[in-house]
There are 2 protein chains.
Amino acid sequence: MVEVLGQAADVAGAPVGRREAGKAERRRRIIHAARELIRETGNAGLSMRALAARAGVSLATPYNLFGSKRAIILALLDDVRAFQARFAGLEVTDPLARLFAAVDIAVEFYVADPPFYRTLWAAVFDASDDVRTQIYSSERDAFSHQLVAELAQAGVTSASTDIALLRRVLDRNFASAMLEWVMGELPADDLAPSIQYAYALVLKGVAAPEWQAELTARAEASGRQLAKP
Amino acid sequence: MVEVLGQAADVAGAPVGRREAGKAERRRRIIHAARELIRETGNAGLSMRALAARAGVSLATPYNLFGSKRAIILALLDDVRAFQARFAGLEVTDPLARLFAAVDIAVEFYVADPPFYRTLWAAVFDASDDVRTQIYSSERDAFSHQLVAELAQAGVTSASTDIALLRRVLDRNFASAMLEWVMGELPADDLAPSIQYAYALVLKGVAAPEWQAELTARAEASGRQLAKP
DNA sequence: ACAAAAAACAGAACACGTTATAAATATTGG
DNA sequence: CCAATATTTATAACGTGTTCTGTTTTTTGT
């Protein structure tokens, strides 16, 4: 198994032989099959037996490679999170506008395929085991850390603001709105305004005086959208 | 169905005979057994078969009376919510202090028996079916509606504040902190400060100028508690 | 090329939530 | 009290996620 160069190592640097390559391939097939099954039949149609059959592996294999059904769904969410790249290149310079635009983009992304993402997010909020912590936390970091840091750097928040705490509060408001959407308590159209309203209120609580007016305007705008129907 | 007075009608006005009384009795036995089982063995030990055996009914009966396992757990949470009476009689006159004290009381209540309430709240956040909407929404109303109304009446919030929206945002911050606790991401000691920090930030965003100082102080106090370890 | 190790495989098995079946029991209105 | 009705009971059954069995295939180091 000498072969040519670049055969025995992955991009990430993890050692890779035929064995690991085969595992990765199977993992890929499983995730792919899971995505298809959820898209076709919703969460209900995704049974481990159907998944194994579709992926062309045995029932035991998904457990060997992922550990549980939930881990597979979370891996799916992780896999799909390519949209982060979208607002990394946003052309908006105002950091506040960037944050609110990011909410729009994220929500639009999820709401575009409700049965699919409802299933995924339901798995995120599933509290019956503890797989979530390992996977979901890393996402939250990536999602909002940079945006909030930019906010602080631009002087939007007052000097005494603890930006780690601020980020946590913002993330929570995002998550609980998603939860309400998953539960069917919040219509898709209300999702973004609802999150942005909360963001505006929280930020007003920590913003320097010169940003108060804009935040008030944003809160009122979101509030109006919510009061529409 | 004339009968003597007080025989054919419940306190709530629902008609009651031997039949309904028997149902109510069985319902009571079932949630009693459920509480015991959760206390003894945690969520894992609460199987429908064990529950039926402990309650002295057949396996089918809990389904006839409640519909699903989840409905039983939520009924349990509903049943236990007697603590509301506790802060109804709070001797604090300042409406802001009342709100923050209510958080302390509620959190203290739940954290006093973690394995038990973790199970209950995990059911609240379970998004796999839609039983929650029917039961949980009513609680939220009772929990925070009055407290926020008092806030508005006392002039804490600015005149233009939509108190319905404000209450929603506050409830979400309560709920997502509880979710983190259930997930094991938030230590019990951080629960109350974490909620109160969010409350303070949100309220600062809508508060009249004369209340800003107090809210800033509360936010800083909660932030300090969180930064301790 | 070959023996050792690792993994996937097919399939049975378990406990679970839930539903359906028919028989037994309790409650009702007259 | 009696016939009609509602509800519980006992039990089997279904599909689920998950674990375990022994066997077979694939990959590895030499």
# chains A, B, ... in the order shown; residues from 1 in each chain; ligands from 1
>>> calpha_fit_rmsd(fixed="chain B", moving="chain A")
1.0 Å
>>> closest_atom_pairs(of="chain A", to="chain B", cutoff="7 Å", atoms="only C-alpha atoms", output="Markdown table")
| residue | atom | partner | partner_atom | distance |
| --- | --- | --- | --- | --- |
| A:Ala122 | CA | B:Ala127 | CA | 5.5 |
| A:Phe125 | CA | B:Phe125 | CA | 6.7 |
| A:Asp126 | CA | B:Asp126 | CA | 5.9 |
| A:Ala127 | CA | B:Ala122 | CA | 5.4 |
| A:Ser128 | CA | B:Ala122 | CA | 6.9 |
| A:Asp130 | CA | B:Met183 | CA | 6.8 |
| A:Val169 | CA | B:Ala198 | CA | 6.1 |
| A:Arg172 | CA | B:Ser176 | CA | 5.8 |
| A:Asn173 | CA | B:Asn173 | CA | 6.4 |
| A:Ser176 | CA | B:Arg172 | CA | 5.8 |
| A:Val182 | CA | B:Ala127 | CA | 6.8 |
| A:Met183 | CA | B:Ala127 | CA | 5.8 |
| A:Ala198 | CA | B:Val169 | CA | 6.1 |
| A:Leu201 | CA | B:Gly205 | CA | 4.7 |
| A:Val202 | CA | B:Val202 | CA | 4.6 |
| A:Lys204 | CA | B:Gly205 | CA | 4.6 |
| A:Gly205 | CA | B:Gly205 | CA | 4.4 |
| A:Val206 | CA | B:Leu201 | CA | 6.9 |
>>> interface_residues(of="chain B", to="chain C", cutoff="12 Å", atoms="only C-alpha atoms (C1' of nucleotides)", output="PyMOL selection string")
chain B and resi 1+17-23+44-50+59-60+62-64+67-70
>>> write_last_selection(atoms="N, CA and C atoms", output="JSON list (two decimals), in the first residue's frame")
[["chain", "number", "residue", "atom", "x", "y", "z"],
["B", 1, "MET", "N", -81.68, 14.49, 36.26],
["B", 1, "MET", "CA", -80.47, 14.79, 37.04],
["B", 1, "MET", "C", -80.64, 16.01, 37.92],
["B", 17, "GLY", "N", -71.09, 12.46, 38.20],
["B", 17, "GLY", "CA", -71.80, 11.36, 38.84],
["B", 17, "GLY", "C", -70.79, 10.35, 39.32],
["B", 18, "ARG", "N", -71.26, 9.18, 39.62],
["B", 18, "ARG", "CA", -70.36, 8.12, 40.02],
["B", 18, "ARG", "C", -69.29, 7.89, 38.94],
["B", 19, "ARG", "N", -69.76, 7.90, 37.69],
["B", 19, "ARG", "CA", -68.87, 7.58, 36.57],
["B", 19, "ARG", "C", -67.69, 8.56, 36.50],
["B", 20, "GLU", "N", -68.01, 9.85, 36.45],
["B", 20, "GLU", "CA", -66.93, 10.84, 36.36],
["B", 20, "GLU", "C", -66.06, 10.84, 37.61],
["B", 21, "ALA", "N", -66.69, 10.58, 38.74],
["B", 21, "ALA", "CA", -65.93, 10.54, 39.98],
["B", 21, "ALA", "C", -64.91, 9.41, 39.94],
["B", 22, "GLY", "N", -65.34, 8.28, 39.40],
["B", 22, "GLY", "CA", -64.43, 7.16, 39.27],
["B", 22, "GLY", "C", -63.27, 7.49, 38.37],
["B", 23, "LYS", "N", -63.56, 8.14, 37.27],
["B", 23, "LYS", "CA", -62.49, 8.58, 36.36],
["B", 23, "LYS", "C", -61.51, 9.50, 37.07],
["B", 44, "ALA", "N", -36.26, 7.25, 33.40],
["B", 44, "ALA", "CA", -36.10, 5.95, 32.76],
["B", 44, "ALA", "C", -37.05, 4.92, 33.35],
["B", 45, "GLY", "N", -37.31, 5.04, 34.66],
["B", 45, "GLY", "CA", -38.12, 4.04, 35.31],
["B", 45, "GLY", "C", -39.61, 4.17, 35.05],
["B", 46, "LEU", "N", -39.98, 5.28, 34.45],
["B", 46, "LEU", "CA", -41.41, 5.52, 34.22],
["B", 46, "LEU", "C", -41.85, 4.90, 32.90],
["B", 47, "SER", "N", -42.14, 3.61, 32.93],
["B", 47, "SER", "CA", -42.72, 2.99, 31.74],
["B", 47, "SER", "C", -44.22, 2.88, 31.94],
["B", 48, "MET", "N", -44.92, 2.87, 30.85],
["B", 48, "MET", "CA", -46.36, 2.83, 30.94],
["B", 48, "MET", "C", -46.83, 1.56, 31.64],
["B", 49, "ARG", "N", -46.11, 0.47, 31.44],
["B", 49, "ARG", "CA", -46.50, -0.77, 32.08],
["B", 49, "ARG", "C", -46.29, -0.69, 33.59],
["B", 50, "ALA", "N", -45.14, -0.14, 33.97],
["B", 50, "ALA", "CA", -44.88, 0.02, 35.40],
["B", 50, "ALA", "C", -45.88, 1.00, 36.02],
["B", 59, "LEU", "N", -53.15, -1.37, 31.43],
["B", 59, "LEU", "CA", -52.29, -0.57, 30.57],
["B", 59, "LEU", "C", -53.08, 0.38, 29.70],
["B", 60, "ALA", "N", -54.29, 0.00, 29.36],
["B", 60, "ALA", "CA", -55.08, 0.83, 28.44],
["B", 60, "ALA", "C", -55.64, 2.08, 29.12],
["B", 62, "PRO", "N", -54.54, 4.47, 31.30],
["B", 62, "PRO", "CA", -53.87, 5.77, 31.18],
["B", 62, "PRO", "C", -54.05, 6.40, 29.81],
["B", 63, "TYR", "N", -54.12, 5.58, 28.80],
["B", 63, "TYR", "CA", -54.33, 6.11, 27.46],
["B", 63, "TYR", "C", -55.74, 6.63, 27.29],
["B", 64, "ASN", "N", -56.70, 5.93, 27.88],
["B", 64, "ASN", "CA", -58.08, 6.42, 27.83],
["B", 64, "ASN", "C", -58.22, 7.76, 28.54],
["B", 67, "GLY", "N", -54.35, 10.05, 27.16],
["B", 67, "GLY", "CA", -54.02, 10.09, 25.75],
["B", 67, "GLY", "C", -52.62, 9.62, 25.43],
["B", 68, "SER", "N", -51.65, 10.01, 26.25],
["B", 68, "SER", "CA", -50.27, 9.62, 25.99],
["B", 68, "SER", "C", -49.44, 9.77, 27.26],
["B", 69, "LYS", "N", -48.28, 9.20, 27.22],
["B", 69, "LYS", "CA", -47.37, 9.31, 28.36],
["B", 69, "LYS", "C", -47.00, 10.77, 28.61],
["B", 70, "ARG", "N", -46.78, 11.47, 27.53],
["B", 70, "ARG", "CA", -46.36, 12.85, 27.65],
["B", 70, "ARG", "C", -47.44, 13.70, 28.31]]
>>> atom_distance(atom1="atom CA of A:Leu37", atom2="atom CA of A:Phe116")
9.6 Å
>>> atom_distance(atom1="atom CA of B:Phe100", atom2="atom CA of B:Pro193")
9.6 Å
>>> closest_atom_pairs(of="chain D", to="chain B", cutoff="9 Å", atoms="only C-alpha atoms (C1' of nucleotides)", output="tab-separated table")
residue	atom	partner	partner_atom	distance
D:DA6	C1'	B:Arg19	CA	8.7
D:DT7	C1'	B:Arg19	CA	8.7
D:DT8	C1'	B:Thr61	CA	6.9
D:DT9	C1'	B:Ser58	CA	6.1
D:DA10	C1'	B:Ser58	CA	7.8
